[in-house]
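Have a look at input.cif; it's mmCIF, C-alpha atoms:
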data_coords
loop_
_atom_site.group_PDB
_atom_site.id
_atom_site.type_symbol
_atom_site.label_atom_id
_atom_site.label_comp_id
_atom_site.auth_asym_id
_atom_site.auth_seq_id
_atom_site.Cartn_x
_atom_site.Cartn_y
_atom_site.Cartn_z
ATOM 1 C CA MET A 4 -2.165 -16.572 12.139
ATOM 2 C CA ALA A 5 -0.620 -13.948 9.863
ATOM 3 C CA LEU A 6 1.076 -12.278 12.814
ATOM 4 C CA GLU A 7 3.022 -15.484 13.450
ATOM 5 C CA LEU A 8 4.675 -14.981 10.046
ATOM 6 C CA VAL A 9 6.371 -11.773 11.251
ATOM 7 C CA GLN A 10 9.784 -12.608 12.641
ATOM 8 C CA ASN A 11 12.018 -10.479 14.832
ATOM 9 C CA GLY A 12 14.133 -8.265 12.587
ATOM 10 C CA ASP A 13 11.865 -8.516 9.522
ATOM 11 C CA THR A 14 11.312 -5.626 7.177
ATOM 12 C CA ILE A 15 7.724 -5.792 6.032
ATOM 13 C CA PHE A 16 5.461 -3.953 3.640
ATOM 14 C CA ILE A 17 1.773 -3.693 4.409
ATOM 15 C CA ALA A 18 -0.293 -2.673 1.403
ATOM 16 C CA GLY A 19 -3.490 -0.668 1.791
ATOM 17 C CA GLY A 20 -6.881 -2.151 2.580
ATOM 18 C CA THR A 21 -9.223 -2.824 5.462
ATOM 19 C CA THR A 22 -7.833 -6.288 6.248
ATOM 20 C CA THR A 23 -4.218 -5.163 6.189
ATOM 21 C CA ILE A 24 -4.941 -2.113 8.357
ATOM 22 C CA GLU A 25 -6.391 -4.435 11.001
ATOM 23 C CA PHE A 26 -3.297 -6.635 10.640
ATOM 24 C CA ALA A 27 -1.061 -3.576 11.201
ATOM 25 C CA ARG A 28 -2.974 -2.602 14.331
ATOM 26 C CA LEU A 29 -2.334 -6.041 15.814
ATOM 27 C CA LEU A 30 1.421 -6.155 15.183
ATOM 28 C CA PRO A 31 3.208 -7.114 18.392
ATOM 29 C CA CYS A 32 5.739 -4.590 19.613
ATOM 30 C CA ASN A 33 7.960 -7.233 21.164
ATOM 31 C CA ARG A 34 9.446 -7.961 17.746
ATOM 32 C CA ARG A 35 11.895 -5.561 16.167
ATOM 33 C CA VAL A 36 10.523 -4.894 12.694
ATOM 34 C CA THR A 37 10.861 -2.180 10.108
ATOM 35 C CA LEU A 38 7.495 -1.408 8.634
ATOM 36 C CA SER A 39 7.125 0.404 5.355
ATOM 37 C CA GLN A 40 3.433 0.911 5.024
ATOM 38 C CA CYS A 41 1.182 2.234 2.307
ATOM 39 C CA PRO A 42 -1.913 3.353 4.247
ATOM 40 C CA ALA A 43 -1.748 7.034 5.131
ATOM 41 C CA ARG A 44 -3.730 6.347 8.301
ATOM 42 C CA GLY A 45 -1.857 3.203 9.242
ATOM 43 C CA GLY A 46 -2.724 1.283 12.343
ATOM 44 C CA SER A 47 0.898 1.294 13.508
ATOM 45 C CA ALA A 48 1.201 5.056 13.826
ATOM 46 C CA GLY A 49 2.001 5.957 17.412
ATOM 47 C CA ARG A 50 3.220 2.457 18.232
ATOM 48 C CA PRO A 51 5.857 2.170 20.967
ATOM 49 C CA ALA A 52 9.465 1.166 20.375
ATOM 50 C CA GLY A 53 9.917 -2.069 18.510
ATOM 51 C CA ILE A 54 8.362 -0.985 15.227
ATOM 52 C CA ASP A 55 10.159 1.472 12.966
ATOM 53 C CA LEU A 56 7.565 2.990 10.630
ATOM 54 C CA VAL A 57 8.681 4.374 7.285
ATOM 55 C CA ALA A 58 6.008 6.533 5.663
ATOM 56 C CA LEU A 59 5.997 6.640 1.888
ATOM 57 C CA GLY A 60 5.127 9.702 -0.187
ATOM 58 C CA GLY A 61 2.485 9.856 -2.881
ATOM 59 C CA ALA A 62 -1.085 10.817 -3.614
ATOM 60 C CA VAL A 63 -3.699 9.934 -0.986
ATOM 61 C CA ARG A 64 -6.721 7.994 -2.232
ATOM 62 C CA PRO A 65 -9.786 9.157 -0.290
ATOM 63 C CA GLY A 66 -11.762 6.500 1.522
ATOM 64 C CA GLU A 67 -9.058 3.989 2.396
ATOM 65 C CA GLN A 68 -6.467 6.764 2.801
ATOM 66 C CA THR A 69 -3.922 4.751 0.852
ATOM 67 C CA LEU A 70 -0.962 6.224 -0.961
ATOM 68 C CA HIS A 71 -0.290 5.571 -4.622
ATOM 69 C CA GLY A 72 1.374 7.036 -7.675
ATOM 70 C CA HIS A 73 4.892 7.489 -8.930
ATOM 71 C CA LEU A 74 6.198 8.962 -5.646
ATOM 72 C CA THR A 75 4.937 5.948 -3.716
ATOM 73 C CA ASP A 76 6.280 3.557 -6.346
ATOM 74 C CA TRP A 77 9.679 5.277 -6.202
ATOM 75 C CA GLY A 78 9.701 5.132 -2.381
ATOM 76 C CA VAL A 79 8.886 1.423 -2.373
ATOM 77 C CA ALA A 80 11.679 0.754 -4.885
ATOM 78 C CA GLN A 81 14.222 2.161 -2.387
ATOM 79 C CA PHE A 82 13.587 -0.728 -0.002
ATOM 80 C CA ARG A 83 13.855 -4.478 0.129
ATOM 81 C CA ALA A 84 11.390 -6.241 2.362
ATOM 82 C CA ASP A 85 11.318 -9.750 3.685
ATOM 83 C CA LYS A 86 7.542 -9.922 3.387
ATOM 84 C CA LEU A 87 4.625 -8.136 1.794
ATOM 85 C CA PHE A 88 1.262 -8.494 3.530
ATOM 86 C CA TYR A 89 -1.335 -7.823 0.878
ATOM 87 C CA GLY A 90 -5.117 -7.779 0.910
ATOM 88 C CA ILE A 91 -6.768 -8.268 -2.455
ATOM 89 C CA GLU A 92 -10.205 -7.700 -3.891
ATOM 90 C CA ALA A 93 -10.306 -10.652 -6.269
ATOM 91 C CA ILE A 94 -8.369 -13.920 -6.602
ATOM 92 C CA SER A 95 -8.817 -16.270 -9.517
ATOM 93 C CA LEU A 96 -6.976 -19.538 -10.089
ATOM 94 C CA GLN A 97 -6.894 -18.689 -13.802
ATOM 95 C CA HIS A 98 -6.345 -14.902 -13.700
ATOM 96 C CA GLY A 99 -4.373 -14.346 -10.516
ATOM 97 C CA LEU A 100 -4.777 -11.309 -8.273
ATOM 98 C CA THR A 101 -6.887 -8.509 -9.709
ATOM 99 C CA HIS A 102 -8.090 -5.136 -8.499
ATOM 100 C CA SER A 103 -10.740 -2.615 -9.542
ATOM 101 C CA GLN A 104 -8.761 0.384 -8.237
ATOM 102 C CA ILE A 105 -6.591 0.765 -11.323
ATOM 103 C CA VAL A 106 -4.668 3.733 -9.858
ATOM 104 C CA GLU A 107 -3.267 1.472 -7.126
ATOM 105 C CA VAL A 108 -2.049 -1.376 -9.332
ATOM 106 C CA SER A 109 1.426 0.033 -10.068
ATOM 107 C CA THR A 110 2.049 0.624 -6.357
ATOM 108 C CA ASP A 111 0.849 -2.881 -5.503
ATOM 109 C CA ARG A 112 3.215 -4.302 -8.121
ATOM 110 C CA ALA A 113 6.076 -2.194 -6.723
ATOM 111 C CA PHE A 114 5.480 -3.704 -3.282
ATOM 112 C CA ALA A 115 5.500 -7.241 -4.708
ATOM 113 C CA ASN A 116 8.654 -6.585 -6.740
ATOM 114 C CA ALA A 117 10.547 -5.293 -3.696
ATOM 115 C CA ALA A 118 9.505 -8.105 -1.330
ATOM 116 C CA THR A 119 11.047 -11.546 -1.049
ATOM 117 C CA GLN A 120 7.770 -13.149 -0.026
ATOM 118 C CA THR A 121 4.163 -12.183 -0.835
ATOM 119 C CA ILE A 122 1.560 -13.114 1.780
ATOM 120 C CA ILE A 123 -2.093 -12.654 0.870
ATOM 121 C CA LEU A 124 -4.610 -11.842 3.608
ATOM 122 C CA ALA A 125 -8.095 -12.527 2.214
ATOM 123 C CA ASP A 126 -11.282 -14.207 3.329
ATOM 124 C CA HIS A 127 -12.967 -16.880 1.219
ATOM 125 C CA THR A 128 -15.306 -14.367 -0.469
ATOM 126 C CA LYS A 129 -12.396 -12.926 -2.483
ATOM 127 C CA PHE A 130 -11.749 -16.212 -4.313
ATOM 128 C CA GLY A 131 -13.252 -17.046 -7.684
ATOM 129 C CA LYS A 132 -13.585 -13.380 -8.596
ATOM 130 C CA VAL A 133 -11.923 -11.293 -11.285
ATOM 131 C CA ALA A 134 -11.572 -7.490 -11.279
ATOM 132 C CA PRO A 135 -10.495 -5.384 -14.295
ATOM 133 C CA ALA A 136 -6.793 -4.833 -13.537
ATOM 134 C CA LEU A 137 -4.192 -7.576 -13.142
ATOM 135 C CA VAL A 138 -1.950 -7.002 -10.141
ATOM 136 C CA MET A 139 0.101 -10.188 -10.301
ATOM 137 C CA PRO A 140 -0.165 -13.833 -11.324
ATOM 138 C CA LEU A 141 -0.511 -16.510 -8.656
ATOM 139 C CA ASP A 142 3.076 -17.655 -9.179
ATOM 140 C CA ARG A 143 4.167 -14.487 -7.311
ATOM 141 C CA VAL A 144 2.241 -15.563 -4.189
ATOM 142 C CA HIS A 145 3.961 -17.592 -1.465
ATOM 143 C CA VAL A 146 1.373 -17.780 1.327
ATOM 144 C CA VAL A 147 -2.388 -17.256 1.577
ATOM 145 C CA VAL A 148 -3.930 -16.646 5.002
ATOM 146 C CA THR A 149 -7.691 -17.097 4.803
ATOM 147 C CA ASP A 150 -10.664 -18.387 6.741
ATOM 148 C CA ARG A 151 -11.782 -21.994 7.062
ATOM 149 C CA ASP A 152 -14.721 -21.409 4.692
ATOM 150 C CA LEU A 153 -12.454 -21.515 1.644
ATOM 151 C CA ALA A 154 -13.541 -24.400 -0.572
ATOM 152 C CA PRO A 155 -11.275 -27.470 -0.223
ATOM 153 C CA ASP A 156 -10.774 -27.674 -4.011
ATOM 154 C CA ILE A 157 -9.373 -24.123 -4.017
ATOM 155 C CA VAL A 158 -7.069 -24.973 -1.104
ATOM 156 C CA GLU A 159 -5.862 -28.014 -3.043
ATOM 157 C CA SER A 160 -5.342 -25.998 -6.246
ATOM 158 C CA LEU A 161 -3.340 -23.331 -4.426
ATOM 159 C CA SER A 162 -1.258 -25.977 -2.655
ATOM 160 C CA SER A 163 -0.546 -27.736 -5.941
ATOM 161 C CA LYS A 164 0.876 -24.436 -7.234
ATOM 162 C CA GLY A 165 3.329 -24.366 -4.323
ATOM 163 C CA ILE A 166 1.359 -21.775 -2.335
ATOM 164 C CA LYS A 167 1.152 -22.412 1.403
ATOM 165 C CA VAL A 168 -2.444 -22.030 2.615
ATOM 166 C CA ILE A 169 -3.060 -21.133 6.256
ATOM 167 C CA LEU A 170 -6.647 -21.520 7.393
ATOM 168 C CA ALA A 171 -7.409 -19.259 10.338
#
Translate this file's structure into structure tokens.
Amino acid sequence: MALELVQNGDTIFIAGGTTTIEFARLLPCNRRVTLSQCPARGGSAGRPAGIDLVALGGAVRPGEQTLHGHLTDWGVAQFRADKLFYGIEAISLQHGLTHSQIVEVSTDRAFANAATQTIILADHTKFGKVAPALVMPLDRVHVVVTDRDLAPDIVESLSSKGIKVILA
């Protein structure tokens, strides 16, 4: 469902994380997109024509192989993207999007600040949780793509805040 949100000619950011890496691997090559991606081992590497991949500098975080730090933040700030596809660890209706990897928060914020639209890719288990570091409030989120197990009251609350919810 998230792939349908990528339009021909879009410039997109894909932030680090297991869900977003899978999203990147599934990107169709029949759409002309510019992809500025955070994961150092991005799923789009080696893709055929149709996707222009811009690799950002920065420090590599072991494990997820994501890039972060002031070099990454600076690189992100040089672009404007139509959409940010962002996976998050914790989403709270009261506290917004939060993360336990504090070193990545400034890079995540840089992505959100440089994108016109923020699209969250998260399954229902991420909702109702709070991690130590605030990434962004919910009013910065435009679309949430999640699974059908998300509680109807959460769907209604998100919708009432003007956030489009897509149940996959």
Query - Picked residues, the PyMOL selection byres ((chain A and resi 124-140) around 9), as a PyMOL selection string - result: chain A and resi 5+22-23+26+88-105+108-109+111-112+115+122-123+141-144+146-154+157
Using only C-alpha atoms, please write the residues we just selected to a file, as a CSV table (one decimal), in the frame of the given file.
chain,number,residue,atom,x,y,z
A,5,ALA,CA,-0.6,-13.9,9.9
A,22,THR,CA,-7.8,-6.3,6.2
A,23,THR,CA,-4.2,-5.2,6.2
A,26,PHE,CA,-3.3,-6.6,10.6
A,88,PHE,CA,1.3,-8.5,3.5
A,89,TYR,CA,-1.3,-7.8,0.9
A,90,GLY,CA,-5.1,-7.8,0.9
A,91,ILE,CA,-6.8,-8.3,-2.5
A,92,GLU,CA,-10.2,-7.7,-3.9
A,93,ALA,CA,-10.3,-10.7,-6.3
A,94,ILE,CA,-8.4,-13.9,-6.6
A,95,SER,CA,-8.8,-16.3,-9.5
A,96,LEU,CA,-7.0,-19.5,-10.1
A,97,GLN,CA,-6.9,-18.7,-13.8
A,98,HIS,CA,-6.3,-14.9,-13.7
A,99,GLY,CA,-4.4,-14.3,-10.5
A,100,LEU,CA,-4.8,-11.3,-8.3
A,101,THR,CA,-6.9,-8.5,-9.7
A,102,HIS,CA,-8.1,-5.1,-8.5
A,103,SER,CA,-10.7,-2.6,-9.5
A,104,GLN,CA,-8.8,0.4,-8.2
A,105,ILE,CA,-6.6,0.8,-11.3
A,108,VAL,CA,-2.0,-1.4,-9.3
A,109,SER,CA,1.4,0.0,-10.1
A,111,ASP,CA,0.8,-2.9,-5.5
A,112,ARG,CA,3.2,-4.3,-8.1
A,115,ALA,CA,5.5,-7.2,-4.7
A,122,ILE,CA,1.6,-13.1,1.8
A,123,ILE,CA,-2.1,-12.7,0.9
A,141,LEU,CA,-0.5,-16.5,-8.7
A,142,ASP,CA,3.1,-17.7,-9.2
A,143,ARG,CA,4.2,-14.5,-7.3
A,144,VAL,CA,2.2,-15.6,-4.2
A,146,VAL,CA,1.4,-17.8,1.3
A,147,VAL,CA,-2.4,-17.3,1.6
A,148,VAL,CA,-3.9,-16.6,5.0
A,149,THR,CA,-7.7,-17.1,4.8
A,150,ASP,CA,-10.7,-18.4,6.7
A,151,ARG,CA,-11.8,-22.0,7.1
A,152,ASP,CA,-14.7,-21.4,4.7
A,153,LEU,CA,-12.5,-21.5,1.6
A,154,ALA,CA,-13.5,-24.4,-0.6
A,157,ILE,CA,-9.4,-24.1,-4.0
Report task. Run through the PyMOL selection byres ((chain A and resi 167) around 8) on the given coordinates and return the selected residues as a list of chain:residue names. Result -> A:His145, A:Val146, A:Val147, A:Leu161, A:Ser162, A:Gly165, A:Ile166, A:Val168, A:Ile169
Residue list as a PDB file with C-alpha atoms, in the frame of the given file for point (0.5, 10.6, -2.0), cut-off 9 Å, all atoms listed in the file:
ATOM      1  CA  ALA A  43      -1.748   7.034   5.131  1.00  0.00           C
ATOM      2  CA  LEU A  59       5.997   6.640   1.888  1.00  0.00           C
ATOM      3  CA  GLY A  60       5.127   9.702  -0.187  1.00  0.00           C
ATOM      4  CA  GLY A  61       2.485   9.856  -2.881  1.00  0.00           C
ATOM      5  CA  ALA A  62      -1.085  10.817  -3.614  1.00  0.00           C
ATOM      6  CA  VAL A  63      -3.699   9.934  -0.986  1.00  0.00           C
ATOM      7  CA  ARG A  64      -6.721   7.994  -2.232  1.00  0.00           C
ATOM      8  CA  THR A  69      -3.922   4.751   0.852  1.00  0.00           C
ATOM      9  CA  LEU A  70      -0.962   6.224  -0.961  1.00  0.00           C
ATOM     10  CA  HIS A  71      -0.290   5.571  -4.622  1.00  0.00           C
ATOM     11  CA  GLY A  72       1.374   7.036  -7.675  1.00  0.00           C
ATOM     12  CA  HIS A  73       4.892   7.489  -8.930  1.00  0.00           C
ATOM     13  CA  LEU A  74       6.198   8.962  -5.646  1.00  0.00           C
ATOM     14  CA  THR A  75       4.937   5.948  -3.716  1.00  0.00           C
TER      15      THR A  75
END
To test your reading of the syntax: which residues would the PyMOL selection byres ((chain A and resi 6) around 10) return for the file shown? Reply as a PDB file with C-alpha atoms, keeping the file's coordinate frame.
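Once written, selection-v3.pdb looks like this:
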ATOM      1  CA  MET A   4      -2.165 -16.572  12.139  1.00  0.00           C
ATOM      2  CA  ALA A   5      -0.620 -13.948   9.863  1.00  0.00           C
ATOM      3  CA  GLU A   7       3.022 -15.484  13.450  1.00  0.00           C
ATOM      4  CA  LEU A   8       4.675 -14.981  10.046  1.00  0.00           C
ATOM      5  CA  VAL A   9       6.371 -11.773  11.251  1.00  0.00           C
ATOM      6  CA  GLN A  10       9.784 -12.608  12.641  1.00  0.00           C
ATOM      7  CA  PHE A  26      -3.297  -6.635  10.640  1.00  0.00           C
ATOM      8  CA  ALA A  27      -1.061  -3.576  11.201  1.00  0.00           C
ATOM      9  CA  LEU A  29      -2.334  -6.041  15.814  1.00  0.00           C
ATOM     10  CA  LEU A  30       1.421  -6.155  15.183  1.00  0.00           C
ATOM     11  CA  PRO A  31       3.208  -7.114  18.392  1.00  0.00           C
TER      12      PRO A  31
END
Report task. Tell me, in Å to one decimal, how far CA of Gln120 (chain A) is from CA of Asp76 (chain A). Result ->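 These two atoms are separated by 17.9 Å.
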Draw an axis-aligned box tight on the listed atoms of region 18-27 of chain A, then pad every side by 8 Å and write out centre and edge lengths in Å to one decimal as lines of an AutoDock Vina configuration file.
center_x = -4.8
center_y = -3.7
center_z = 6.3
size_x = 24.9
size_y = 22.0
size_z = 25.8
Query raised in the report: Do you have the CA of Gly19 (chain A)-CA of Glu107 (chain A) distance handy?
Result: 9.2 Å
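Using all atoms listed in the file, the smallest distance between any of A:Ala84, A:Leu170, A:Cys32, A:Val158 and Ala113 (chain A) comes from A:Ala84.
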Query - Distance of CA of Pro65 (chain A) from CA of Gln81 (chain A), expressed in Å to one decimal place - result: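 Calculated distance between CA of Gln81 (chain A) and CA of Pro65 (chain A) is 25.1 Å.
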Query raised in the report: Which neighbours of Thr14 (chain A) fall inside 12 Å, counting all atoms listed in the file, when residues of the same chain fewer than 4 positions from it are skipped, and could you give them as a PyMOL selection string?
Result: chain A and resi 8-10+34-40+53-57+82-88+117-120
For C-alpha atoms, I'd like the residues from the last selection saved as a PDB file, in the frame of the given file.
ATOM      1  CA  LEU A   8       4.675 -14.981  10.046  1.00  0.00           C
ATOM      2  CA  VAL A   9       6.371 -11.773  11.251  1.00  0.00           C
ATOM      3  CA  GLN A  10       9.784 -12.608  12.641  1.00  0.00           C
ATOM      4  CA  ARG A  34       9.446  -7.961  17.746  1.00  0.00           C
ATOM      5  CA  ARG A  35      11.895  -5.561  16.167  1.00  0.00           C
ATOM      6  CA  VAL A  36      10.523  -4.894  12.694  1.00  0.00           C
ATOM      7  CA  THR A  37      10.861  -2.180  10.108  1.00  0.00           C
ATOM      8  CA  LEU A  38       7.495  -1.408   8.634  1.00  0.00           C
ATOM      9  CA  SER A  39       7.125   0.404   5.355  1.00  0.00           C
ATOM     10  CA  GLN A  40       3.433   0.911   5.024  1.00  0.00           C
ATOM     11  CA  GLY A  53       9.917  -2.069  18.510  1.00  0.00           C
ATOM     12  CA  ILE A  54       8.362  -0.985  15.227  1.00  0.00           C
ATOM     13  CA  ASP A  55      10.159   1.472  12.966  1.00  0.00           C
ATOM     14  CA  LEU A  56       7.565   2.990  10.630  1.00  0.00           C
ATOM     15  CA  VAL A  57       8.681   4.374   7.285  1.00  0.00           C
ATOM     16  CA  PHE A  82      13.587  -0.728  -0.002  1.00  0.00           C
ATOM     17  CA  ARG A  83      13.855  -4.478   0.129  1.00  0.00           C
ATOM     18  CA  ALA A  84      11.390  -6.241   2.362  1.00  0.00           C
ATOM     19  CA  ASP A  85      11.318  -9.750   3.685  1.00  0.00           C
ATOM     20  CA  LYS A  86       7.542  -9.922   3.387  1.00  0.00           C
ATOM     21  CA  LEU A  87       4.625  -8.136   1.794  1.00  0.00           C
ATOM     22  CA  PHE A  88       1.262  -8.494   3.530  1.00  0.00           C
ATOM     23  CA  ALA A 117      10.547  -5.293  -3.696  1.00  0.00           C
ATOM     24  CA  ALA A 118       9.505  -8.105  -1.330  1.00  0.00           C
ATOM     25  CA  THR A 119      11.047 -11.546  -1.049  1.00  0.00           C
ATOM     26  CA  GLN A 120       7.770 -13.149  -0.026  1.00  0.00           C
TER      27      GLN A 120
END
Query raised in the report: For Gly12 (chain A), which residue among A:Thr121, A:Thr110, A:Asn33, A:Ser160 is the nearest when counting all atoms listed in the file?
Result: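 Using all atoms listed in the file, Gly12 (chain A) sits closest to A:Asn33.
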